[in-house]
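Peer 1: If you scroll down you'll find the structure; I have some questions about it.
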Amino acid sequence: MSVKKYYAVKNGILPGVYESWDECRNLVHGYPGAIYKSFPTRAEAECFVYGDVRTPEADAGTSEEALREPYAFVDGSYNAATGVFGYGGFVVADGQKHVVQGSGSDPELASMRNVAGEIFGCMAAVEKARELKLSELTVYYDYAGIEQWATGAWKRNKAGTAAYHAYMQTARQSMKIRFVKVKGHSGIPGNEEADRLAKEACGCA
C-alpha cells in the first residue's frame, strides 16, 4: 500500500501544496532556484510553503509570496474554420484574479493564426496590469515569440509583431515585466486555463 504524500512547492511556477508528484514536477522542472519537498501530512507541507501565517488565499493554494508578486498566464488559439484568432489568460494581483479574453478576425493578423492570439493575450494582460497600476508583472507563456518579439531578440516581419514590440517597449518604461516560458499542454494549471479561455474566445472550445 502506497503512503500518501503532499508535495510542497515553495519556489516554483505557482507555489502551493499539491497531491501528486506529476503536478509538482510540472511546476518546478526547469524553474530557476526551485524549492520543493514532500511531506506525509498536509499541515507539514503548508507550514513549509506558508510558514505559520495563514490567509484565506493561502488556504486556496496560493502563497503569500505569490500574492506579493503579480503574475499572468496567457495563451492564444485559432479557428481555421472561421478565420478567427482568440486569446485568453488572467492576471493575479493582491489575491484577485482578473480574466482577459477576446478575439479578432482582421485578415492580416489572422494570417498569423494562433500567434496573433498569443501576442494579443500578452498585451491584454499587460494592459490589465497597467489598469491595476501594477509596477511589475511576471508573464508565463508557452510560445517563445511572446518574449523574443517583446525584447527585440526576434525580427518583426509582420505588422502584428511590430505593433506588439512597440506596445511592450512602451509598457516596460513604466512597469517591470519578467517573462517565464512554460511547456504547453503539460498540466500546468495556469497554462491550461489560459489555453481553455483562448479556445473559447475563438469558438474552438
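Identifiers for the C-alpha cells are assigned positionally: chains receive A, B, ... in sequence, residues are indexed from 1 per chain, and ligands are indexed from 1 in the order shown.
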Would you mind writing down, as a ChimeraX atom specification, each residue of chain A that DSSP on the backbone assigns to helix (DSSP H, G or I)?
Peer 2: /A:21-28,42-50,56-59,64-68,107-110,114-131,145-151,159-171,189-201
Peer 1: Near region 154-165 of chain A, counting only C-alpha atoms, which residues have an atom at most 12 Å away, once you skip same-chain residues fewer than 4 positions from it, shown as number ranges by chain?
Peer 2: A: 106-113, 115-124, 126, 144-150, 169-172
Peer 1: Compile the contact shell of Val100 (chain A) as number ranges by chain: residues with an atom at most 12 Å away, counting only C-alpha atoms, same-chain residues fewer than 2 positions apart removed.
Peer 2: A: 72-76, 86-92, 97-98, 102-103, 117, 120-129, 193-198, 200-201
Peer 1: Write out, as a Markdown table, each residue of region 105-142 of chain A that has an atom at most 12 Å from region 8-28 of chain A, together with the closest pair of atoms and their distance in Å to one decimal, counting only C-alpha atoms, rows going by chain and rising number.
Peer 2:
```
| residue | atom | partner | partner_atom | distance |
| --- | --- | --- | --- | --- |
| A:Thr138 | CA | A:Ile13 | CA | 10.2 |
| A:Val139 | CA | A:Ile13 | CA | 10.6 |
| A:Tyr140 | CA | A:Ile13 | CA | 8.3 |
| A:Tyr141 | CA | A:Ile13 | CA | 11.2 |
```
